[in-house]
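Here the structure is laid out as structure tokens; the discussion comes afterwards.
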Amino acid sequence: MTPFVFESYQKALKAGLKECHTASSKHENPYPETLDVILEGKKTAGLEEMGIQSIPLDLIVGTKTAGRQNAFSRSFLPLFDEGSEFAAKWMNLMESQMEEGIHDPIKVYEYMNRYYVLEGNKRVSVLKYLEAAVIEGYVTRILPEYSEDPKVQLYYEYVDFQRNSGIFNLHLSEKGDYKKLLLVLGKEKERAWTPEEREEFQILLKRFTYQYEKNVKEKAKKQKGDAFLIYLNIFSYEEACKKDTTQIAADIKKMKKEFLLARGEEVEDVIDPEEKKGNLWDKLFAANKVKVAFLYDREPETSSWLLCHELGRRHLKSVWKTGIAFEKFICSPDSQYMEDIEAIIKDGFNVIFATTPILQPKCLKAALEHPEVQIFSCAARSTWKSIRGYYVRVYEQKFLIGLIAGALSKDKEICYEADYPIYATIANANAFALGVSMTNPTAKVRLVWASRKEEFKEPINEDTSIISNRNMITAEGVNRRFGLYTKEEGAIRNIATGIIDWGLIYEKIIRQMMDGTWKKISDKEKKAINYWWGLSTGVVNVVCSSSMPKGVQKMVNHYKQAIADGSFHPFEGEFYDQDGQLHGEEGKTLSNEEIITMDWLNENIVGSIPNVNELNDKAYQMVKLQGLEKMKGE
């Protein structure tokens, strides 16, 4: 026995005893977990023989039985003294590992993504002490009984992913994550991977994992699988596979802040502009620094959505006639337009507004490359710390329009057309339906989607007395079918429409920059920040026809003021969905997160949220970026 091996056992023993003492002082179990104890009284769904796998050692957390459990600390460090038979066998294994490696596979049971040793505890102990990454083992899987427990549902998602992909060593932490992964990989859920696909994926995963462990060492970092998914949301899988370890390491260092902090602590919604004063030095410094670029994915005159933003840009030019550049640029997402963004930045533009979520991925890459540039993405939900999201609380105006629709409807059904099934869109429809129910409790809201493929599209019933279409005036010539309207004797009569003053939004942001009150995005950013302004800021409003009955107008004005001053909220209290499930609590208001990510329809809505295979190409791309969680990967 070499002195090195003996000294190694002494160090391992000392560390093991210390670990046990620390656990005991905290009244915690000082030994490895026991699977038989964990499963006691629990129903299971059978066994699966998985064969020999490379098992991540950090996922081996216990033993199958209680047998020699007290021979090891929680992390499998030895506890018997140096003169014991146990110690001699441990040191022999250590010597074998140093000379030729441990080749005999251990036997383990896998349950809920954790491994429990049946045979080979000392081999695990030796390799854990040596900080090895994996050990070969024959695996028997114990399936839990399927239930509504999110952890069990996540585990079954992993099992489905593993069966088709053959990938055992990728673990994600949130329900729906494996569907998201398949979506960014561009792979069908039920298709088995080829050996070549599996090898390509494993090579990239190995490169990423090594560099992630090497370069992101903060305690609050995400687990490796979650970080890998974040990486693939920024860099496409095809692009990432072409990168070597040096390039991947550079990417990881740049996006370090995107990996930090736990989920649920990532997003801060700024619902009103901050009112504060900047000092003179900040104002002087900011005055000559702002140069603003507006990015569109096509000519704004061809899109109602983009035209509204273009009018906002023109508003800025009228406010600041000299001194600040406000230029527009067309950057098609179908082309390799990173070069265009690089040229824009090189030309001195240091504030960029990406006016549609489609542009977000490339802008995020630009933000990682150029942290000195302040980049904004117009999207209802952005979880990236390197860019700022901005949007408006459309649901507030939709509630008001719903009040009007219910009050004026002659029928028992009101038609509501929505566009893309993305974040906040469902909240808009539900707010409209809630408004309708307050003034016409027996009316139903027929929900139709403009973004469905033609074969799935349900046309608007033009015979309905009241129709709610999308708010914006169309960019394609004269069309009165916008906002809330009625059709009488073949003629359309507009009743009300929601207005979003994008010019005012942009003006408020730029004024903050010019006043020196703007908080720049920095590497120390701890949260993703989204601006989500509404009636209280004046950026959202409802314009009503002069022919509207005075009583209805008075009601709208009352609720408009109440929402603006915070004395009323459309989503306060209890709500029942189409299946009779309760949402919310009496006397409480749904959180911003619950509103934005809403994926249920109110009980008085007739219709459904479309599946992704029913959507046209543009809508599908939007869903990939901003779609409801339940839709991703369907």
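All residue names refer to the structure tokens as shown: chains lettered A, B, ... in order, residues numbered from 1 in each chain, ligands numbered from 1 in order.
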Can you list every residue in region 186-381 of chain A that DSSP puts in alpha helix (DSSP H), as an NGL selection string? :A and (195-215 or 224-234 or 237-241 or 245-254 or 256-259 or 280-287 or 304-319 or 338-346 or 360-369)
Only C-alpha atoms, please: the residues just picked out, written as a short mmCIF file (atom, residue, chain, number, x, y, z; two decimals), in the first residue's frame.
```
data_model
loop_
_atom_site.label_atom_id
_atom_site.label_comp_id
_atom_site.auth_asym_id
_atom_site.auth_seq_id
_atom_site.Cartn_x
_atom_site.Cartn_y
_atom_site.Cartn_z
CA PRO A 195 -26.90 7.45 -33.22
CA GLU A 196 -25.41 10.39 -35.13
CA GLU A 197 -27.88 12.86 -33.60
CA ARG A 198 -27.19 11.46 -30.14
CA GLU A 199 -23.44 11.75 -30.59
CA GLU A 200 -23.67 15.33 -31.90
CA PHE A 201 -25.81 16.36 -28.95
CA GLN A 202 -23.55 14.68 -26.39
CA ILE A 203 -20.46 16.38 -27.80
CA LEU A 204 -22.06 19.81 -27.49
CA LEU A 205 -23.46 19.06 -24.03
CA LYS A 206 -20.05 17.86 -22.83
CA ARG A 207 -18.31 20.97 -24.16
CA PHE A 208 -20.89 23.28 -22.64
CA THR A 209 -20.98 21.52 -19.25
CA TYR A 210 -17.21 21.61 -18.87
CA GLN A 211 -16.97 25.30 -19.67
CA TYR A 212 -20.02 26.17 -17.56
CA GLU A 213 -18.57 24.45 -14.49
CA LYS A 214 -15.25 26.15 -15.14
CA ASN A 215 -16.51 29.69 -15.71
CA LYS A 224 -26.22 22.54 -15.77
CA GLY A 225 -29.25 21.36 -17.74
CA ASP A 226 -31.18 24.60 -17.16
CA ALA A 227 -28.14 26.65 -18.17
CA PHE A 228 -27.76 24.57 -21.33
CA LEU A 229 -31.38 25.27 -22.29
CA ILE A 230 -30.83 29.00 -21.73
CA TYR A 231 -27.76 28.85 -23.95
CA LEU A 232 -29.71 27.18 -26.77
CA ASN A 233 -32.39 29.85 -26.53
CA ILE A 234 -29.77 32.42 -27.47
CA TYR A 237 -28.49 24.41 -31.87
CA GLU A 238 -27.07 24.35 -35.39
CA GLU A 239 -24.89 27.37 -34.61
CA ALA A 240 -23.77 26.01 -31.24
CA CYS A 241 -22.72 22.63 -32.71
CA THR A 245 -14.75 24.91 -26.64
CA THR A 246 -12.99 28.29 -26.80
CA GLN A 247 -15.96 29.94 -28.50
CA ILE A 248 -18.43 28.31 -26.09
CA ALA A 249 -16.34 29.51 -23.13
CA ALA A 250 -16.42 33.07 -24.52
CA ASP A 251 -20.21 32.89 -24.91
CA ILE A 252 -20.66 31.63 -21.34
CA LYS A 253 -18.52 34.43 -19.88
CA LYS A 254 -20.56 37.06 -21.75
CA LYS A 256 -22.88 34.93 -17.09
CA LYS A 257 -25.60 37.09 -15.54
CA GLU A 258 -28.25 35.18 -17.50
CA PHE A 259 -27.36 32.02 -15.59
CA LEU A 280 -26.27 68.04 -13.28
CA TRP A 281 -23.24 65.92 -14.15
CA ASP A 282 -25.45 63.00 -15.26
CA LYS A 283 -27.49 65.35 -17.43
CA LEU A 284 -24.42 66.84 -19.08
CA PHE A 285 -22.96 63.36 -19.63
CA ALA A 286 -26.19 62.02 -21.15
CA ALA A 287 -26.87 64.95 -23.44
CA SER A 304 -50.41 47.75 -38.53
CA TRP A 305 -48.28 46.82 -35.51
CA LEU A 306 -45.07 48.25 -36.94
CA LEU A 307 -46.81 51.34 -38.28
CA CYS A 308 -47.83 52.26 -34.73
CA HIS A 309 -44.20 52.05 -33.63
CA GLU A 310 -43.08 54.01 -36.66
CA LEU A 311 -45.52 56.76 -35.69
CA GLY A 312 -43.91 56.65 -32.26
CA ARG A 313 -40.48 57.16 -33.82
CA ARG A 314 -41.75 60.09 -35.83
CA HIS A 315 -43.20 61.56 -32.65
CA LEU A 316 -39.71 61.53 -31.14
CA LYS A 317 -38.34 63.36 -34.16
CA SER A 318 -40.97 66.06 -33.68
CA VAL A 319 -40.12 66.41 -29.97
CA MET A 338 -26.29 40.30 -37.20
CA GLU A 339 -24.01 42.13 -39.61
CA ASP A 340 -26.68 44.83 -39.94
CA ILE A 341 -26.90 45.27 -36.16
CA GLU A 342 -23.12 45.33 -35.87
CA ALA A 343 -23.02 48.07 -38.52
CA ILE A 344 -25.72 50.04 -36.66
CA ILE A 345 -23.73 49.86 -33.42
CA LYS A 346 -20.49 50.71 -35.22
CA GLN A 360 -35.28 39.39 -29.90
CA PRO A 361 -32.79 36.49 -30.36
CA LYS A 362 -30.38 38.43 -32.56
CA CYS A 363 -30.71 41.54 -30.40
CA LEU A 364 -29.87 39.46 -27.35
CA LYS A 365 -26.67 38.27 -29.02
CA ALA A 366 -25.81 41.88 -29.86
CA ALA A 367 -26.41 42.84 -26.21
CA LEU A 368 -23.98 40.15 -25.08
CA GLU A 369 -21.36 41.38 -27.53
#
```
Residues at most 10 Å from Ala619 (chain A), counting only C-alpha atoms, excluding those fewer than 6 positions away in the same chain, as number ranges by chain? A: 419-422, 450-453, 612, 627
With a distance cut-off of 7 Å and only C-alpha atoms, select the neighbouring residues of region 377-392 of chain A, excluding the residue or stretch itself and same-chain residues fewer than 6 positions from it, and output the selection as a compact mmCIF listing (two decimals) with all heavy atoms, in the first residue's frame.
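Heads up, here's the output in selection-v1.txt:
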```
# COMPACT_ATOMS: atom_id res chain seq x y z
N LYS A 257 -24.50 36.61 -16.38
CA LYS A 257 -25.60 37.09 -15.54
C LYS A 257 -26.92 36.42 -15.90
O LYS A 257 -27.85 36.39 -15.10
CB LYS A 257 -25.74 38.60 -15.63
CG LYS A 257 -26.04 39.17 -17.01
CD LYS A 257 -26.21 40.68 -16.92
CE LYS A 257 -26.34 41.33 -18.28
NZ LYS A 257 -25.04 41.41 -18.97
N GLU A 258 -27.02 35.86 -17.12
CA GLU A 258 -28.25 35.18 -17.50
C GLU A 258 -28.41 33.84 -16.79
O GLU A 258 -29.51 33.30 -16.71
CB GLU A 258 -28.29 34.95 -19.03
CG GLU A 258 -28.18 36.20 -19.87
CD GLU A 258 -29.36 37.13 -19.70
OE1 GLU A 258 -30.36 36.73 -19.07
OE2 GLU A 258 -29.29 38.27 -20.19
N GLU A 266 -36.36 36.27 -11.15
CA GLU A 266 -35.68 36.81 -12.31
C GLU A 266 -36.28 38.09 -12.87
O GLU A 266 -35.59 38.90 -13.44
CB GLU A 266 -35.68 35.77 -13.45
CG GLU A 266 -34.93 34.51 -13.12
CD GLU A 266 -35.07 33.50 -14.23
OE1 GLU A 266 -36.15 33.44 -14.85
OE2 GLU A 266 -34.12 32.76 -14.48
N VAL A 267 -37.61 38.25 -12.74
CA VAL A 267 -38.30 39.29 -13.49
C VAL A 267 -38.88 40.34 -12.55
O VAL A 267 -39.51 40.02 -11.55
CB VAL A 267 -39.42 38.68 -14.35
CG1 VAL A 267 -40.14 39.77 -15.12
CG2 VAL A 267 -38.86 37.63 -15.30
N PHE A 353 -34.31 49.95 -30.17
CA PHE A 353 -35.64 49.43 -29.88
C PHE A 353 -35.99 48.38 -30.94
O PHE A 353 -36.14 48.72 -32.12
CB PHE A 353 -36.69 50.54 -29.90
CG PHE A 353 -36.57 51.51 -28.75
CD1 PHE A 353 -36.02 52.77 -28.94
CD2 PHE A 353 -37.01 51.17 -27.49
CE1 PHE A 353 -35.92 53.67 -27.90
CE2 PHE A 353 -36.91 52.06 -26.43
CZ PHE A 353 -36.36 53.31 -26.63
N ALA A 354 -36.10 47.12 -30.53
CA ALA A 354 -36.55 46.04 -31.43
C ALA A 354 -38.06 45.95 -31.26
O ALA A 354 -38.56 45.59 -30.20
CB ALA A 354 -35.88 44.72 -31.07
N THR A 355 -38.80 46.30 -32.30
CA THR A 355 -40.23 46.56 -32.16
C THR A 355 -41.12 45.32 -32.25
O THR A 355 -42.35 45.45 -32.17
CB THR A 355 -40.66 47.56 -33.25
OG1 THR A 355 -40.34 47.02 -34.54
CG2 THR A 355 -39.97 48.90 -33.06
N THR A 356 -40.54 44.14 -32.41
CA THR A 356 -41.31 42.91 -32.46
C THR A 356 -40.50 41.79 -31.82
O THR A 356 -39.26 41.77 -31.95
CB THR A 356 -41.70 42.53 -33.90
OG1 THR A 356 -42.27 41.22 -33.92
CG2 THR A 356 -40.50 42.55 -34.82
N PRO A 357 -41.14 40.84 -31.12
CA PRO A 357 -40.40 39.74 -30.47
C PRO A 357 -39.57 38.90 -31.43
O PRO A 357 -38.59 38.28 -31.02
CB PRO A 357 -41.51 38.90 -29.83
CG PRO A 357 -42.64 39.84 -29.63
CD PRO A 357 -42.58 40.79 -30.80
N GLN A 360 -35.93 39.49 -31.19
CA GLN A 360 -35.28 39.39 -29.90
C GLN A 360 -34.02 38.53 -29.88
O GLN A 360 -33.00 38.96 -29.29
CB GLN A 360 -36.28 38.87 -28.86
CG GLN A 360 -35.76 38.93 -27.44
CD GLN A 360 -36.79 38.45 -26.44
OE1 GLN A 360 -36.84 37.28 -26.12
NE2 GLN A 360 -37.62 39.36 -25.94
N LEU A 364 -30.47 39.97 -28.58
CA LEU A 364 -29.87 39.46 -27.35
C LEU A 364 -28.40 39.14 -27.57
O LEU A 364 -27.55 39.44 -26.73
CB LEU A 364 -30.63 38.22 -26.89
CG LEU A 364 -30.21 37.60 -25.57
CD1 LEU A 364 -30.23 38.63 -24.45
CD2 LEU A 364 -31.11 36.42 -25.24
N ALA A 367 -26.56 42.31 -27.57
CA ALA A 367 -26.41 42.84 -26.21
C ALA A 367 -25.27 42.16 -25.47
O ALA A 367 -24.55 42.79 -24.69
CB ALA A 367 -27.72 42.67 -25.44
N LEU A 368 -25.08 40.87 -25.71
CA LEU A 368 -23.98 40.15 -25.08
C LEU A 368 -22.63 40.61 -25.62
O LEU A 368 -21.65 40.70 -24.89
CB LEU A 368 -24.14 38.64 -25.29
CG LEU A 368 -25.38 37.99 -24.64
CD1 LEU A 368 -25.50 36.53 -25.06
CD2 LEU A 368 -25.31 38.11 -23.13
N TYR A 423 -47.89 35.43 -24.74
CA TYR A 423 -48.03 36.04 -23.42
C TYR A 423 -48.93 37.26 -23.48
O TYR A 423 -48.82 38.09 -24.37
CB TYR A 423 -46.66 36.46 -22.88
CG TYR A 423 -45.76 35.32 -22.48
CD1 TYR A 423 -44.40 35.36 -22.76
CD2 TYR A 423 -46.25 34.22 -21.80
CE1 TYR A 423 -43.56 34.32 -22.38
CE2 TYR A 423 -45.42 33.18 -21.42
CZ TYR A 423 -44.07 33.23 -21.72
OH TYR A 423 -43.25 32.20 -21.34
N ALA A 424 -49.81 37.38 -22.49
CA ALA A 424 -50.73 38.51 -22.26
C ALA A 424 -51.96 38.48 -23.16
O ALA A 424 -52.97 39.12 -22.82
CB ALA A 424 -50.01 39.85 -22.43
N ILE A 521 -28.31 49.14 -18.08
CA ILE A 521 -28.13 47.71 -17.92
C ILE A 521 -26.65 47.45 -17.70
O ILE A 521 -25.80 47.98 -18.43
CB ILE A 521 -28.62 46.94 -19.16
CG1 ILE A 521 -30.10 47.22 -19.40
CG2 ILE A 521 -28.39 45.44 -19.00
CD1 ILE A 521 -30.64 46.68 -20.71
N GLU A 525 -26.53 43.40 -13.16
CA GLU A 525 -27.99 43.26 -13.20
C GLU A 525 -28.42 41.96 -12.54
O GLU A 525 -27.93 40.88 -12.87
CB GLU A 525 -28.47 43.27 -14.65
CG GLU A 525 -29.88 43.74 -14.82
CD GLU A 525 -30.01 45.24 -14.66
OE1 GLU A 525 -29.24 45.97 -15.30
OE2 GLU A 525 -30.88 45.66 -13.89
N LYS A 527 -31.87 41.20 -12.05
CA LYS A 527 -33.19 40.79 -12.51
C LYS A 527 -33.41 41.25 -13.94
O LYS A 527 -32.80 42.22 -14.39
CB LYS A 527 -34.28 41.38 -11.61
CG LYS A 527 -34.32 40.80 -10.21
CD LYS A 527 -35.53 41.32 -9.45
CE LYS A 527 -35.60 40.69 -8.07
NZ LYS A 527 -36.82 41.13 -7.33
N ALA A 528 -34.27 40.52 -14.64
CA ALA A 528 -34.74 41.00 -15.93
C ALA A 528 -35.80 42.05 -15.65
O ALA A 528 -36.69 41.85 -14.83
CB ALA A 528 -35.32 39.85 -16.74
N ILE A 529 -35.70 43.18 -16.31
CA ILE A 529 -36.63 44.29 -16.07
C ILE A 529 -37.53 44.48 -17.28
O ILE A 529 -37.06 44.58 -18.42
CB ILE A 529 -35.87 45.59 -15.75
CG1 ILE A 529 -35.09 45.43 -14.44
CG2 ILE A 529 -36.82 46.77 -15.68
CD1 ILE A 529 -34.25 46.62 -14.06
N ASN A 530 -38.84 44.49 -17.02
CA ASN A 530 -39.83 44.72 -18.07
C ASN A 530 -40.64 45.96 -17.73
O ASN A 530 -41.15 46.08 -16.60
CB ASN A 530 -40.78 43.52 -18.18
CG ASN A 530 -40.10 42.30 -18.74
OD1 ASN A 530 -39.54 42.33 -19.82
ND2 ASN A 530 -40.16 41.20 -18.00
N TYR A 531 -40.76 46.87 -18.67
CA TYR A 531 -41.66 48.01 -18.51
C TYR A 531 -43.05 47.57 -18.99
O TYR A 531 -43.21 47.11 -20.12
CB TYR A 531 -41.17 49.21 -19.32
CG TYR A 531 -39.81 49.68 -18.88
CD1 TYR A 531 -38.71 49.61 -19.73
CD2 TYR A 531 -39.61 50.16 -17.59
CE1 TYR A 531 -37.46 50.02 -19.32
CE2 TYR A 531 -38.35 50.57 -17.17
CZ TYR A 531 -37.30 50.49 -18.04
OH TYR A 531 -36.05 50.89 -17.62
N TRP A 532 -44.03 47.71 -18.10
CA TRP A 532 -45.38 47.24 -18.40
C TRP A 532 -46.35 48.31 -17.95
O TRP A 532 -46.95 48.24 -16.90
CB TRP A 532 -45.62 45.91 -17.69
CG TRP A 532 -46.73 45.10 -18.25
CD1 TRP A 532 -47.09 45.00 -19.56
CD2 TRP A 532 -47.64 44.27 -17.52
NE1 TRP A 532 -48.17 44.16 -19.69
CE2 TRP A 532 -48.51 43.69 -18.46
CE3 TRP A 532 -47.79 43.95 -16.18
CZ2 TRP A 532 -49.53 42.81 -18.09
CZ3 TRP A 532 -48.80 43.08 -15.82
CH2 TRP A 532 -49.66 42.51 -16.75
N TRP A 533 -46.49 49.33 -18.78
CA TRP A 533 -47.24 50.52 -18.41
C TRP A 533 -48.68 50.43 -18.89
O TRP A 533 -49.00 49.71 -19.84
CB TRP A 533 -46.57 51.77 -18.97
CG TRP A 533 -45.17 51.96 -18.45
CD1 TRP A 533 -44.63 51.38 -17.34
CD2 TRP A 533 -44.15 52.79 -19.00
NE1 TRP A 533 -43.33 51.80 -17.16
CE2 TRP A 533 -43.00 52.66 -18.17
CE3 TRP A 533 -44.07 53.62 -20.10
CZ2 TRP A 533 -41.82 53.34 -18.42
CZ3 TRP A 533 -42.88 54.30 -20.36
CH2 TRP A 533 -41.76 54.16 -19.52
N GLY A 534 -49.56 51.21 -18.25
CA GLY A 534 -50.98 51.13 -18.58
C GLY A 534 -51.70 52.46 -18.46
O GLY A 534 -51.12 53.53 -18.70
```
A straight line from CA of Glu110 (chain A) to CA of Gln97 (chain A) spans 24.8 Å
Which of region 345-436 of chain A end up as strand (DSSP E) when DSSP is run on this backbone - answer as a PyMOL selection string? chain A and resi 351-354+374-378+388-392+413-418
